[in-house]
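> Enclosed is the structure file model-v5.txt (compact mmCIF, C-alpha atoms and all ligand atoms).
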```
# COMPACT_ATOMS: atom_id res chain seq x y z
CA MET A 198 0.00 0.00 0.00
CA PHE A 199 1.23 3.52 -0.68
CA LYS A 200 0.01 7.10 -0.21
CA ALA A 201 -1.75 9.14 -2.89
CA LEU A 202 -3.94 12.17 -3.38
CA ILE A 203 -7.25 10.84 -4.68
CA LEU A 204 -9.93 12.84 -6.46
CA ASN A 205 -13.55 11.72 -6.29
CA GLN A 206 -16.73 13.38 -7.47
CA GLU A 207 -19.92 13.81 -5.44
CA ASP A 208 -22.91 15.86 -6.63
CA LYS A 209 -20.70 17.18 -9.47
CA LYS A 210 -18.19 18.51 -6.93
CA THR A 211 -14.57 17.33 -6.94
CA LEU A 212 -13.33 16.13 -3.54
CA ALA A 213 -9.64 15.64 -2.84
CA SER A 214 -8.39 13.38 -0.03
CA ILE A 215 -5.25 11.54 0.98
CA GLY A 216 -5.70 7.79 0.78
CA SER A 217 -3.92 4.45 0.46
CA ILE A 218 -3.66 2.64 -2.84
CA ASP A 219 -2.80 -0.94 -3.54
CA GLU A 220 -0.38 -1.60 -6.40
CA SER A 221 -2.99 -3.81 -8.10
CA GLN A 222 -5.22 -0.73 -8.50
CA LEU A 223 -2.67 1.04 -10.73
CA PRO A 224 -3.43 1.24 -14.46
CA GLU A 225 -1.73 -0.87 -17.14
CA GLY A 226 1.74 0.17 -18.25
CA GLU A 227 5.22 -1.17 -18.87
CA VAL A 228 7.06 0.80 -16.18
CA LEU A 229 6.40 0.97 -12.44
CA VAL A 230 7.98 4.08 -10.90
CA ASP A 231 8.71 5.02 -7.27
CA VAL A 232 7.81 8.70 -7.39
CA ASP A 233 10.12 11.15 -5.61
CA TYR A 234 8.48 14.45 -6.56
CA SER A 235 5.50 15.76 -8.47
CA SER A 236 4.78 19.43 -9.20
CA LEU A 237 1.85 21.78 -9.17
CA ASN A 238 0.82 23.39 -12.44
CA TYR A 239 -2.17 25.58 -13.26
CA LYS A 240 -3.79 22.53 -14.85
CA ASP A 241 -3.29 20.51 -11.64
CA GLY A 242 -4.98 23.37 -9.79
CA LEU A 243 -7.99 23.13 -12.11
CA ALA A 244 -8.08 19.33 -11.71
CA VAL A 245 -7.79 19.21 -7.90
CA THR A 246 -10.33 21.99 -7.28
CA GLY A 247 -12.63 20.80 -10.07
CA ARG A 248 -12.70 24.38 -11.45
CA GLY A 249 -11.76 23.11 -14.91
CA LYS A 250 -13.00 20.02 -16.75
CA ILE A 251 -9.60 18.34 -16.62
CA VAL A 252 -10.58 15.01 -15.06
CA ARG A 253 -13.37 13.04 -16.68
CA GLU A 254 -13.08 9.71 -14.86
CA PHE A 255 -13.08 9.24 -11.08
CA PRO A 256 -11.40 8.16 -8.85
CA MET A 257 -8.29 9.89 -10.25
CA VAL A 258 -4.80 10.44 -8.94
CA PRO A 259 -3.84 13.92 -10.22
CA GLY A 260 -0.35 15.14 -11.06
CA ILE A 261 0.63 15.91 -14.66
CA ASP A 262 4.35 15.80 -13.76
CA LEU A 263 6.50 13.30 -11.89
CA VAL A 264 10.08 12.25 -11.37
CA GLY A 265 11.24 9.03 -9.77
CA LYS A 266 13.13 5.77 -10.08
CA VAL A 267 12.07 2.75 -12.07
CA ALA A 268 11.01 -0.11 -9.76
CA GLU A 269 9.99 -2.60 -12.47
CA SER A 270 10.06 -2.45 -16.27
CA SER A 271 8.99 -4.76 -19.07
CA ASP A 272 10.35 -2.30 -21.66
CA ASP A 273 13.96 -2.59 -22.88
CA ARG A 274 14.53 1.16 -22.70
CA TYR A 275 14.24 1.24 -18.88
CA LYS A 276 15.60 -0.89 -16.05
CA PRO A 277 15.16 -0.79 -12.25
CA GLY A 278 16.98 2.14 -10.68
CA ASP A 279 16.82 4.40 -13.77
CA ALA A 280 15.77 7.96 -12.99
CA VAL A 281 12.87 9.03 -15.20
CA VAL A 282 10.68 12.08 -15.77
CA LEU A 283 7.16 12.32 -17.08
CA THR A 284 5.22 15.43 -18.07
CA GLY A 285 1.92 15.60 -19.90
CA TRP A 286 0.49 12.88 -22.18
CA GLY A 287 -2.82 13.07 -20.29
CA VAL A 288 -1.27 11.62 -17.12
CA GLY A 289 -3.07 13.11 -14.11
CA GLU A 290 -6.01 13.87 -16.41
CA ASN A 291 -7.22 10.58 -17.91
CA ARG A 292 -4.57 8.26 -16.43
CA TRP A 293 -3.39 8.11 -12.80
CA GLY A 294 -0.61 10.60 -12.25
CA GLY A 295 2.26 11.84 -10.14
CA MET A 296 0.65 12.76 -6.81
CA ALA A 297 1.22 9.24 -5.43
CA GLN A 298 4.24 7.40 -4.11
CA ARG A 299 4.01 4.92 -7.02
CA ALA A 300 2.81 5.17 -10.61
CA ARG A 301 2.52 2.66 -13.45
CA LEU A 302 3.25 4.36 -16.77
CA LYS A 303 3.71 3.85 -20.49
CA ALA A 304 7.38 3.66 -21.47
CA ASP A 305 6.64 5.91 -24.48
CA HIS A 306 5.63 8.70 -22.11
CA LEU A 307 8.90 8.75 -20.15
CA VAL A 308 12.18 10.55 -20.72
CA PRO A 309 15.38 9.66 -18.86
CA LEU A 310 16.21 12.29 -16.24
CA THR A 311 18.64 14.68 -17.92
CA GLU A 312 22.23 14.45 -16.68
CA GLY A 313 23.12 17.32 -14.37
CA LEU A 314 19.59 17.71 -12.99
CA SER A 315 18.43 16.39 -9.62
CA GLY A 316 14.92 14.95 -9.44
CA LYS A 317 13.76 17.93 -7.45
CA GLN A 318 15.22 20.35 -9.99
CA ALA A 319 13.43 18.46 -12.78
CA MET A 320 10.11 19.05 -10.99
CA MET A 321 11.00 22.69 -10.34
CA ILE A 322 11.10 22.83 -14.15
CA GLY A 323 8.18 20.45 -14.84
CA THR A 324 5.52 20.97 -17.49
CA ALA A 325 5.71 24.73 -16.93
CA GLY A 326 9.44 24.88 -17.59
CA LEU A 327 9.27 22.56 -20.58
CA THR A 328 6.53 24.74 -22.05
CA ALA A 329 8.58 27.90 -21.45
CA MET A 330 11.53 26.30 -23.28
CA LEU A 331 9.29 25.32 -26.21
CA CYS A 332 7.94 28.89 -26.37
CA VAL A 333 11.45 30.35 -26.46
CA GLN A 334 12.42 27.88 -29.18
CA ALA A 335 9.33 28.84 -31.18
CA LEU A 336 10.39 32.50 -31.04
CA GLU A 337 13.95 31.60 -32.08
CA ASP A 338 12.62 29.54 -35.00
CA ALA A 339 10.53 32.57 -36.05
CA GLY A 340 13.67 34.72 -36.20
CA VAL A 341 13.22 36.64 -32.95
CA THR A 342 16.87 37.10 -31.94
CA PRO A 343 18.19 39.16 -29.01
CA ASP A 344 19.28 42.02 -31.33
CA LYS A 345 15.68 42.53 -32.56
CA GLY A 346 14.50 44.19 -29.33
CA THR A 347 12.71 43.48 -26.07
CA VAL A 348 10.70 40.28 -25.55
CA LEU A 349 7.60 40.48 -23.35
CA VAL A 350 6.51 37.66 -21.00
CA THR A 351 2.94 37.69 -19.64
CA GLY A 352 1.83 35.98 -16.42
CA ALA A 353 5.47 36.44 -15.49
CA SER A 354 5.21 35.44 -11.81
CA GLY A 355 3.69 32.08 -12.71
CA GLY A 356 5.41 28.77 -13.47
CA VAL A 357 5.72 29.15 -17.25
CA GLY A 358 6.31 32.89 -17.02
CA SER A 359 9.08 32.79 -14.43
CA VAL A 360 11.00 30.13 -16.37
CA ALA A 361 10.50 32.02 -19.65
CA VAL A 362 11.88 35.22 -18.10
CA THR A 363 14.92 33.30 -16.81
CA LEU A 364 15.60 31.46 -20.08
CA LEU A 365 15.29 34.57 -22.26
CA ALA A 366 17.59 36.55 -19.98
CA GLN A 367 20.13 33.71 -19.99
CA LEU A 368 20.04 33.70 -23.79
CA GLY A 369 20.86 37.41 -23.92
CA TYR A 370 17.41 38.85 -24.61
CA THR A 371 16.18 42.04 -23.00
CA VAL A 372 13.06 40.93 -21.12
CA ALA A 373 9.96 42.84 -20.01
CA ALA A 374 7.71 41.03 -17.51
CA VAL A 375 3.95 41.62 -17.33
CA THR A 376 2.56 41.02 -13.86
CA GLY A 377 -0.50 41.85 -11.81
CA ARG A 378 1.67 41.53 -8.69
CA ALA A 379 4.48 44.03 -9.29
CA ALA A 380 4.80 45.02 -5.63
CA GLU A 381 5.01 41.41 -4.47
CA ASN A 382 7.06 39.87 -7.29
CA GLY A 383 8.83 42.72 -9.11
CA GLU A 384 12.13 42.14 -7.29
CA MET A 385 12.04 38.38 -7.93
CA LEU A 386 11.36 38.97 -11.64
CA LYS A 387 14.27 41.41 -11.85
CA ALA A 388 16.51 38.90 -10.10
CA LEU A 389 15.47 36.28 -12.68
CA GLY A 390 16.52 38.66 -15.46
CA ALA A 391 13.66 41.03 -16.32
CA SER A 392 14.85 44.56 -16.99
CA GLU A 393 11.37 46.09 -17.14
CA ILE A 394 8.16 45.39 -15.22
CA VAL A 395 4.89 46.10 -17.04
CA GLU A 396 1.75 46.45 -14.91
CA ARG A 397 -0.86 43.93 -16.08
CA SER A 398 -3.61 46.58 -15.74
CA THR A 399 -2.04 48.59 -18.61
CA LEU A 400 -2.88 45.69 -20.96
CA SER A 401 -6.14 44.40 -19.46
CA GLU A 402 -8.72 46.69 -21.09
CA PRO A 403 -9.76 46.29 -24.75
CA GLY A 404 -7.35 48.40 -26.85
CA ARG A 405 -6.81 49.45 -30.45
CA PRO A 406 -6.26 46.90 -33.26
CA LEU A 407 -2.77 48.41 -33.76
CA ASP A 408 -0.85 50.19 -31.04
CA LYS A 409 2.67 51.64 -30.73
CA GLN A 410 5.23 48.95 -31.66
CA ARG A 411 7.14 47.96 -28.54
CA TRP A 412 8.11 44.29 -28.55
CA ALA A 413 10.23 42.09 -30.81
CA GLY A 414 8.31 39.09 -29.52
CA ALA A 415 6.33 37.73 -26.61
CA VAL A 416 5.63 34.60 -24.60
CA ASP A 417 1.97 34.65 -23.60
CA THR A 418 0.52 32.49 -20.83
CA VAL A 419 -2.64 34.57 -20.32
CA GLY A 420 -4.69 34.73 -23.57
CA SER A 421 -7.86 36.85 -23.97
CA THR A 422 -7.76 40.68 -24.06
CA LEU A 423 -4.21 40.80 -22.75
CA LEU A 424 -2.93 38.70 -25.67
CA ALA A 425 -4.94 40.85 -28.12
CA ASN A 426 -3.24 43.97 -26.72
CA VAL A 427 0.18 42.35 -26.90
CA LEU A 428 -0.37 41.41 -30.55
CA ALA A 429 -1.22 45.06 -31.28
CA GLN A 430 2.14 46.17 -29.80
CA VAL A 431 4.46 43.65 -31.48
CA ASN A 432 6.99 45.10 -33.95
CA TYR A 433 6.77 44.54 -37.67
CA GLY A 434 7.86 40.93 -38.38
CA GLY A 435 7.75 39.89 -34.71
CA ALA A 436 6.15 36.80 -33.18
CA VAL A 437 4.14 35.74 -30.15
CA ALA A 438 4.33 32.23 -28.69
CA ALA A 439 0.94 31.54 -27.06
CA CYS A 440 0.69 28.65 -24.62
CA GLY A 441 -1.81 29.60 -21.93
CA LEU A 442 -5.24 30.80 -20.89
CA ALA A 443 -4.77 32.02 -17.30
CA GLY A 444 -6.83 35.09 -18.22
CA GLY A 445 -9.33 33.35 -20.51
CA PHE A 446 -9.46 31.20 -23.62
CA ASP A 447 -10.99 33.82 -25.90
CA LEU A 448 -8.95 36.04 -28.19
CA PRO A 449 -10.74 39.29 -29.07
CA THR A 450 -8.27 40.46 -31.72
CA THR A 451 -8.37 41.59 -35.36
CA VAL A 452 -6.34 40.48 -38.38
CA MET A 453 -4.52 43.85 -38.41
CA PRO A 454 -1.29 42.80 -36.61
CA PHE A 455 -1.03 39.77 -38.91
CA ILE A 456 -1.75 41.40 -42.27
CA LEU A 457 -0.24 44.86 -41.74
CA ARG A 458 2.73 44.05 -39.49
CA ASN A 459 3.54 40.49 -40.52
CA VAL A 460 3.20 39.41 -36.90
CA ALA A 461 3.12 35.64 -36.33
CA LEU A 462 1.05 33.94 -33.64
CA LEU A 463 2.71 30.65 -32.71
CA GLY A 464 0.77 27.98 -30.83
CA VAL A 465 2.77 25.95 -28.30
CA ASP A 466 1.76 22.64 -26.72
CA SER A 467 3.96 20.59 -24.40
CA VAL A 468 1.53 17.76 -23.57
CA MET A 469 1.94 15.80 -26.81
CA CYS A 470 5.43 17.07 -27.64
CA PRO A 471 7.31 14.21 -29.35
CA PHE A 472 10.19 12.42 -27.58
CA ASP A 473 13.16 13.87 -29.50
CA LYS A 474 12.03 17.47 -29.19
CA ARG A 475 11.14 16.88 -25.53
CA GLN A 476 14.52 15.38 -24.67
CA ALA A 477 16.38 18.16 -26.49
CA ALA A 478 14.35 20.77 -24.59
CA TRP A 479 15.17 19.11 -21.24
CA LYS A 480 18.89 19.12 -22.08
CA ARG A 481 18.74 22.81 -22.97
CA LEU A 482 16.83 23.61 -19.77
CA ALA A 483 19.46 21.79 -17.69
CA LYS A 484 22.17 23.87 -19.35
CA LEU A 485 20.47 27.24 -19.32
CA LEU A 486 18.79 27.54 -15.93
CA PRO A 487 21.16 29.06 -13.36
CA GLU A 488 21.35 27.96 -9.72
CA SER A 489 19.63 31.23 -8.75
CA PHE A 490 16.44 30.10 -10.53
CA TYR A 491 16.07 27.08 -8.26
CA GLN A 492 16.66 29.23 -5.18
CA GLN A 493 14.45 32.18 -6.09
CA ALA A 494 11.43 30.79 -7.82
CA CYS A 495 10.56 27.46 -6.15
CA GLU A 496 8.74 26.14 -3.10
CA GLU A 497 8.41 22.57 -1.72
CA ILE A 498 5.14 21.30 -0.21
CA THR A 499 3.67 18.00 1.03
CA LEU A 500 0.81 16.00 -0.49
CA GLU A 501 -1.41 17.23 2.37
CA GLN A 502 -0.86 20.87 1.30
CA VAL A 503 -1.86 20.28 -2.32
CA PRO A 504 -5.59 21.22 -2.02
CA GLU A 505 -4.69 24.58 -0.43
CA TYR A 506 -2.08 25.36 -3.11
CA ALA A 507 -4.36 24.10 -5.88
CA ASP A 508 -6.96 26.64 -4.80
CA ALA A 509 -4.31 29.38 -4.71
CA ILE A 510 -2.86 28.63 -8.16
CA THR A 511 -6.28 28.83 -9.82
CA ARG A 512 -6.72 32.25 -8.18
CA GLY A 513 -3.36 33.48 -9.55
CA GLN A 514 -1.87 33.62 -6.04
CA VAL A 515 1.09 31.24 -6.46
CA SER A 516 4.49 32.57 -7.54
CA GLY A 517 7.07 30.57 -9.44
CA ARG A 518 7.07 26.79 -9.17
CA VAL A 519 5.72 24.49 -6.47
CA VAL A 520 7.09 20.95 -6.07
CA ILE A 521 5.46 18.17 -4.07
CA LYS A 522 7.60 15.73 -2.07
CA LEU A 523 6.15 12.21 -2.08
P1 LIG B 601 0.49 29.84 -13.00
O1 LIG B 601 -0.79 29.96 -12.29
O2 LIG B 601 1.73 29.42 -12.29
O3 LIG B 601 0.81 31.23 -13.73
C1 LIG B 601 -0.14 31.99 -14.40
C2 LIG B 601 0.16 33.47 -14.16
O4 LIG B 601 -0.73 34.24 -14.97
C3 LIG B 601 -0.12 33.92 -12.73
O5 LIG B 601 0.97 33.71 -11.88
C4 LIG B 601 -0.39 35.40 -12.93
O6 LIG B 601 0.86 36.07 -13.08
C5 LIG B 601 -1.09 35.44 -14.30
N1 LIG B 601 -2.55 35.46 -14.17
C6 LIG B 601 -3.34 34.70 -13.36
N2 LIG B 601 -4.63 34.99 -13.52
C7 LIG B 601 -4.68 35.98 -14.44
C8 LIG B 601 -5.72 36.73 -15.05
N3 LIG B 601 -7.01 36.51 -14.71
N4 LIG B 601 -5.41 37.65 -15.96
C9 LIG B 601 -4.13 37.88 -16.32
N5 LIG B 601 -3.08 37.22 -15.79
C10 LIG B 601 -3.35 36.27 -14.87
O7 LIG B 601 0.23 28.85 -14.23
P2 LIG B 601 1.28 28.07 -15.18
O8 LIG B 601 2.47 28.94 -15.36
O9 LIG B 601 1.39 26.68 -14.72
O10 LIG B 601 0.46 28.05 -16.54
C11 LIG B 601 0.21 29.26 -17.24
C12 LIG B 601 -0.77 29.00 -18.37
O11 LIG B 601 -0.14 28.19 -19.35
C13 LIG B 601 -2.03 28.24 -17.94
O12 LIG B 601 -3.14 28.74 -18.64
C14 LIG B 601 -1.73 26.81 -18.33
O13 LIG B 601 -2.90 26.08 -18.56
C15 LIG B 601 -0.93 27.03 -19.59
N6 LIG B 601 -0.04 25.93 -19.91
C16 LIG B 601 -0.07 25.42 -21.15
C17 LIG B 601 0.77 24.41 -21.53
C18 LIG B 601 0.80 23.94 -22.93
O14 LIG B 601 1.35 22.88 -23.19
N7 LIG B 601 0.27 24.70 -23.86
C19 LIG B 601 1.63 23.76 -20.54
C20 LIG B 601 1.70 24.46 -19.26
C21 LIG B 601 0.84 25.48 -18.95
P3 LIG B 601 1.07 37.58 -12.52
O15 LIG B 601 0.52 37.60 -11.14
O16 LIG B 601 2.55 37.79 -12.59
O17 LIG B 601 0.33 38.49 -13.45
```
Take the structure from the file and write it as structure tokens.


Amino acid sequence: MFKALILNQEDKKTLASIGSIDESQLPEGEVLVDVDYSSLNYKDGLAVTGRGKIVREFPMVPGIDLVGKVAESSDDRYKPGDAVVLTGWGVGENRWGGMAQRARLKADHLVPLTEGLSGKQAMMIGTAGLTAMLCVQALEDAGVTPDKGTVLVTGASGGVGSVAVTLLAQLGYTVAAVTGRAAENGEMLKALGASEIVERSTLSEPGRPLDKQRWAGAVDTVGSTLLANVLAQVNYGGAVAACGLAGGFDLPTTVMPFILRNVALLGVDSVMCPFDKRQAAWKRLAKLLPESFYQQACEEITLEQVPEYADAITRGQVSGRVVIKL
């Protein structure tokens, strides 16, 4: 028997409780993993609180990220003792996930833990960090280089945002960070590498289809009106990597930035990201993130604290990354 956070549904309400699970209850899969850490992402917050339709089958063990050691494997790629990481692939949504001391997983969904990273560091990165890396790569592929001008990051105090700020600064970009919590998090964002803090309220109201050109590119984790306003301020030929909906899933924009300024809107998904791209991104994250990132932008909690933090992350009250010790 081992410990897990278990989600059940009663009268359409999601209830989270700590319980014991027997190994025989775990789903099918080639690799059994002893989980060391999971992490808390916005999506986990939606799943645990039931505020988003993330989980469709109950009971469910949430946790879209995990790191641990292989206990048993029937797949040639993994053997007992190997350190492995999993992010995405619907784990913690439609398949039991990382907020348990053990998980049985598909070998295709795993990546070996990147050399140079501890398990805890891998979860400090997690889905949020992987997504930030993929966003930065999307901007690079679109020709947004450091010499082109300032890159804006929205939802900057959050998991994806804080890693994106750090990565861009490490790569030599000038970074502006949009936050609704400048007083609380402005110093942290500057320490991570932002040279300018932009108050979220200046971008929250519906604006003009085209505004003054200010940004060479942007990483957007917020969506909705804020993304529309960012698009209107991107320089001619710039690009925006959009990965999130923390402010809403709508996008009240016009075609003007696209057809008059050649602005590109780049969609980024980390959940189904193929193995090779995923592994390359992990290696780059391990190389680029400085020690200061792990010290400044991360917090460790227990399984028992998850419901409280899940509530906070869906209310935009969590800063940086939260890891869960199993
Ligand atoms: P966090 O909650 O850690 O960060 C989101 C940040 O957005 C908050 O910290 C806050 O930053 C800002 N924010 C919160 N609410 C609002 C609001 N109503 N309006 C404007 N800004 C707001 O979440 P994550 O970093 O884990 O995820 C960010 C987004 O990216 C989520 O929507 C998530 O679903 C998505 N995502 C997508 C992935 C993909 O593969 N496409 C993978 C991972 C995440 P501040 O206080 O600084 O303004």

> Which residues of chain A sit at most 6 Å from ligand LIG 601 (chain B), using all atoms listed in the file? Give each one's shortest atom pair and distance in Å (one decimal place), in chain and ascending residue order, as a Markdown table.


```
| residue | atom | partner | partner_atom | distance |
| --- | --- | --- | --- | --- |
| A:Asn238 | CA | B:LIG601 | O9 | 4.0 |
| A:Tyr239 | CA | B:LIG601 | O9 | 4.0 |
| A:Lys240 | CA | B:LIG601 | O13 | 5.2 |
| A:Thr324 | CA | B:LIG601 | C20 | 5.5 |
| A:Ala325 | CA | B:LIG601 | C20 | 4.6 |
| A:Thr328 | CA | B:LIG601 | C19 | 5.2 |
| A:Gly352 | CA | B:LIG601 | O4 | 3.4 |
| A:Ala353 | CA | B:LIG601 | O16 | 4.3 |
| A:Ser354 | CA | B:LIG601 | O16 | 3.6 |
| A:Gly355 | CA | B:LIG601 | O3 | 3.2 |
| A:Gly356 | CA | B:LIG601 | O8 | 3.5 |
| A:Val357 | CA | B:LIG601 | O8 | 3.8 |
| A:Gly358 | CA | B:LIG601 | O8 | 5.8 |
| A:Thr376 | CA | B:LIG601 | O17 | 3.4 |
| A:Gly377 | CA | B:LIG601 | O17 | 3.8 |
| A:Arg378 | CA | B:LIG601 | O15 | 4.8 |
| A:Thr418 | CA | B:LIG601 | C12 | 4.5 |
| A:Val419 | CA | B:LIG601 | N5 | 5.3 |
| A:Cys440 | CA | B:LIG601 | N7 | 4.0 |
| A:Gly441 | CA | B:LIG601 | O11 | 3.4 |
| A:Leu442 | CA | B:LIG601 | O12 | 3.7 |
| A:Ala443 | CA | B:LIG601 | O12 | 3.9 |
| A:Gly444 | CA | B:LIG601 | N4 | 3.7 |
| A:Val465 | CA | B:LIG601 | N7 | 5.2 |
| A:Asp466 | CA | B:LIG601 | O14 | 3.6 |
| A:Ser467 | CA | B:LIG601 | O14 | 3.7 |
| A:Val468 | CA | B:LIG601 | O14 | 5.1 |
| A:Ile510 | CA | B:LIG601 | O1 | 4.8 |
| A:Gly513 | CA | B:LIG601 | C6 | 4.0 |
| A:Val515 | CA | B:LIG601 | O5 | 6.0 |
| A:Ser516 | CA | B:LIG601 | O5 | 5.7 |
```

> What is the CA of Leu365 in chain A to CA of Gly346 in chain A distance in Å?

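Going from CA of Leu365 in chain A over to CA of Gly346 in chain A covers 12.0 Å.
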
> Hey, could you make a per-residue contact list for range 269-322 of chain A against range 483-492 of chain A with 12 Å as the cut-off, showing the nearest pair of atoms and its distance in Å to one decimal, counting all atoms listed in the file, sorted by chain and number, as CSV?


```
residue,atom,partner,partner_atom,distance
A:Leu310,CA,A:Ala483,CA,10.1
A:Thr311,CA,A:Ala483,CA,7.2
A:Glu312,CA,A:Ala483,CA,7.9
A:Gly313,CA,A:Ala483,CA,6.7
A:Leu314,CA,A:Ala483,CA,6.2
A:Ser315,CA,A:Ala483,CA,9.8
A:Gly316,CA,A:Ala483,CA,11.6
A:Lys317,CA,A:Tyr491,CA,9.5
A:Gln318,CA,A:Tyr491,CA,7.0
A:Ala319,CA,A:Ala483,CA,8.5
A:Met320,CA,A:Tyr491,CA,10.4
A:Met321,CA,A:Tyr491,CA,7.0
A:Ile322,CA,A:Tyr491,CA,8.8
```

> Report, in Å with one decimal, the straight-line distance from CA of Lys522 in chain A to CA of Pro471 in chain A.

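Result for CA of Lys522 in chain A versus CA of Pro471 in chain A: 27.3 Å, one decimal.
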
> Considering all atoms listed in the file, state which residue in the set A:Cys470, A:Leu407, A:Ala436, A:Val232 is at the smallest distance from Gln298 in chain A.

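When distances to Gln298 in chain A are compared using all atoms listed in the file, the smallest one comes from A:Val232.
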
> Given the choices A:Thr211, A:Thr284, A:Asn382, A:Ser235, which gets closest to Arg475 in chain A if the distance is worked out from all atoms listed in the file?

A:Thr284

> Within 7 Å of (9.6, 35.2, -37.3) (file coordinates; only C-alpha atoms), which protein or nucleic acid residues are there? I'd like them as a PDB file with C-alpha atoms, keeping the file's coordinate frame.


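The file below, selection_30.pdb, is the result:
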```
ATOM      1  CA  LEU A 336      10.390  32.500 -31.040  1.00  0.00           C
ATOM      2  CA  ASP A 338      12.620  29.540 -35.000  1.00  0.00           C
ATOM      3  CA  ALA A 339      10.530  32.570 -36.050  1.00  0.00           C
ATOM      4  CA  GLY A 340      13.670  34.720 -36.200  1.00  0.00           C
ATOM      5  CA  VAL A 341      13.220  36.640 -32.950  1.00  0.00           C
ATOM      6  CA  GLY A 434       7.860  40.930 -38.380  1.00  0.00           C
ATOM      7  CA  GLY A 435       7.750  39.890 -34.710  1.00  0.00           C
ATOM      8  CA  ALA A 436       6.150  36.800 -33.180  1.00  0.00           C
ATOM      9  CA  ALA A 461       3.120  35.640 -36.330  1.00  0.00           C
TER      10      ALA A 461
END
```

> Hey, which of A:Leu482, A:Val333, A:Leu463, A:Leu448 ends up closest to Thr422 in chain A? Count all atoms listed in the file.

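Of A:Leu482, A:Val333, A:Leu463, A:Leu448, the one nearest Thr422 in chain A is A:Leu448, counting all atoms listed in the file.
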
> Pick the closest to Ile498 in chain A from A:Ser271, A:Met330, A:Val519, A:Ala380: which is it, counting only C-alpha atoms?

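Smallest separation from Ile498 in chain A among the options: A:Val519.
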
> Each side padded by 4 Å, which centre and which edge lengths in Å (one decimal) define the axis-aligned box around the listed atoms of range 307-317 of chain A? Give them as JSON.


```
{"center_x": 16.0, "center_y": 13.3, "center_z": -14.1, "size_x": 22.2, "size_y": 17.2, "size_z": 21.3}
```

> Using Å and a single decimal, report how far CA of Ala494 in chain A sits from CA of Met385 in chain A.

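The value is 7.6 Å.
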
> Using only C-alpha atoms, pick whichever of A:Gly464, A:Gly369, A:Glu290, A:Asp272 has the shortest atom-to-atom distance to Lys250 in chain A.

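Checking each candidate against Lys250 in chain A, we get A:Glu290 as the closest.
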
> List the spatial neighbours of Gly260 in chain A as a list in words - criterion: any atom at most 7 Å away, all atoms listed in the file, same-chain residues fewer than 5 positions off excluded.

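Here the answer would be Ser235, Ser236, Asp241, Gly289, Gly294, Gly295 and Met296 of chain A.
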
> Nearest to Arg274 in chain A among A:Ala379, A:Met198, A:Val228, A:Ile251, with distances taken over only C-alpha atoms: which residue is it?

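Counting only C-alpha atoms, the residue closest to Arg274 in chain A is A:Val228.
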
> Asp508 in chain A: which residues within 12 Å, counting only C-alpha atoms, same-chain residues fewer than 6 positions away excluded, as an mmCIF file with C-alpha atoms, in the coordinates of the input?


```cif
data_model
loop_
_atom_site.group_PDB
_atom_site.id
_atom_site.type_symbol
_atom_site.label_atom_id
_atom_site.label_comp_id
_atom_site.auth_asym_id
_atom_site.auth_seq_id
_atom_site.Cartn_x
_atom_site.Cartn_y
_atom_site.Cartn_z
ATOM 1 C CA ALA A 213 -9.640 15.640 -2.840
ATOM 2 C CA LEU A 237 1.850 21.780 -9.170
ATOM 3 C CA ASN A 238 0.820 23.390 -12.440
ATOM 4 C CA TYR A 239 -2.170 25.580 -13.260
ATOM 5 C CA LYS A 240 -3.790 22.530 -14.850
ATOM 6 C CA ASP A 241 -3.290 20.510 -11.640
ATOM 7 C CA GLY A 242 -4.980 23.370 -9.790
ATOM 8 C CA LEU A 243 -7.990 23.130 -12.110
ATOM 9 C CA ALA A 244 -8.080 19.330 -11.710
ATOM 10 C CA VAL A 245 -7.790 19.210 -7.900
ATOM 11 C CA THR A 246 -10.330 21.990 -7.280
ATOM 12 C CA GLY A 247 -12.630 20.800 -10.070
ATOM 13 C CA ARG A 248 -12.700 24.380 -11.450
ATOM 14 C CA GLY A 249 -11.760 23.110 -14.910
ATOM 15 C CA GLN A 502 -0.860 20.870 1.300
ATOM 16 C CA GLN A 514 -1.870 33.620 -6.040
ATOM 17 C CA VAL A 515 1.090 31.240 -6.460
#
```

> Skipping near chain neighbours, those fewer than 6 positions away, what residues fall within 9 Å of range 400-404 of chain A using all atoms listed in the file, listed as a list in words?

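These residues fall inside the cut-off: Val375, Ser421, Thr422, Leu423, Leu424, Ala425, Asn426, Val427, Ala429 and Pro449 of chain A.
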
> Taking C-alpha atoms for each residue, export the selection above as a PDB file, in the frame of the given file.


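As a result, again.pdb now contains:
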```
ATOM      1  CA  VAL A 375       3.950  41.620 -17.330  1.00  0.00           C
ATOM      2  CA  SER A 421      -7.860  36.850 -23.970  1.00  0.00           C
ATOM      3  CA  THR A 422      -7.760  40.680 -24.060  1.00  0.00           C
ATOM      4  CA  LEU A 423      -4.210  40.800 -22.750  1.00  0.00           C
ATOM      5  CA  LEU A 424      -2.930  38.700 -25.670  1.00  0.00           C
ATOM      6  CA  ALA A 425      -4.940  40.850 -28.120  1.00  0.00           C
ATOM      7  CA  ASN A 426      -3.240  43.970 -26.720  1.00  0.00           C
ATOM      8  CA  VAL A 427       0.180  42.350 -26.900  1.00  0.00           C
ATOM      9  CA  ALA A 429      -1.220  45.060 -31.280  1.00  0.00           C
ATOM     10  CA  PRO A 449     -10.740  39.290 -29.070  1.00  0.00           C
TER      11      PRO A 449
END
```
